[in-house]
Amino acid sequence: MELMIRDGDYVSDEQGGFQRVEGSRELLQRVLWKLSIPRGSFPPLPELGSELYRLGRWKPSQRESIAKQYAVQALADEPELTVTEVRLAQDGGLQVQLEWRGETLTLTMELGG
């Protein structure tokens with residue numbers, strides 16, 4: 001069980017502590033975190049993060065398949081998790097569809113820059 005994070009801050013439980021998440025919500029929070037961090041930006045864990053920040057270097061026709069490769073790479077250490085689909089939205093967002101323990105999960109995130 002992990003502490004819940006929203007907009008980069010821990011979420012208060014209004015009793016002096018913090019809300020916690022577990023199960024698929026915990027997984028989605030961790031996935032969002034891993035996909036949002038530029039790979040190699042945290043020296044103690046150089047494999048942490050994704051290379052999604054590099055998508056602009058690719059031709060538009062290649063970006064969706066490259067985004068899926070980057071997501072798979074960033075999440076390779078998550079047991080029981082499979083990236084099944086990645087879609088780029090016209091507004092610059094990213095939608096990642098996952099399979100975890102027989103459950104289909106969808107994560108939507110903004111891509112920086």
# chains A, B, ... in the order shown; residues from 1 in each chain; ligands from 1
>>> residues_around(residues="stretch 32-41 of chain A", least_positions_apart="5", cutoff="10 Å", atoms="only C-alpha atoms", output="list in words")
Ile5, Gly8, Leu27, Pro46, Glu47, Leu48, Gly49, Ser50, Glu51, Leu52, Tyr53, Arg54, Tyr70, Ala71, Val72, Gln73, Ala74, Leu75, Val96, Leu107, Thr108, Met109, Glu110, Leu111 and Gly112 of chain A
>>> atom_distance(atom1="atom CA of A:Val31", atom2="atom CA of A:Arg87")
15.8 Å
>>> atom_distance(atom1="atom CA of A:Trp58", atom2="atom CA of A:Asp77")
25.5 Å
>>> select_by_dssp(residues="chain A", states="alpha helix (DSSP H)", output="ChimeraX atom specification")
/A:23-36,63-74
>>> select_by_dssp(residues="stretch 70-102 of chain A", states="strand (DSSP E or B)", output="ChimeraX atom specification")
/A:81-88,93-100
>>> atom_distance(atom1="atom CA of A:Pro79", atom2="atom CA of A:Gly102")
12.7 Å
>>> closest_residue(among="A:Pro60, A:Pro43, A:Gln29, A:Glu14", to="A:Gln90", atoms="only C-alpha atoms")
A:Pro60
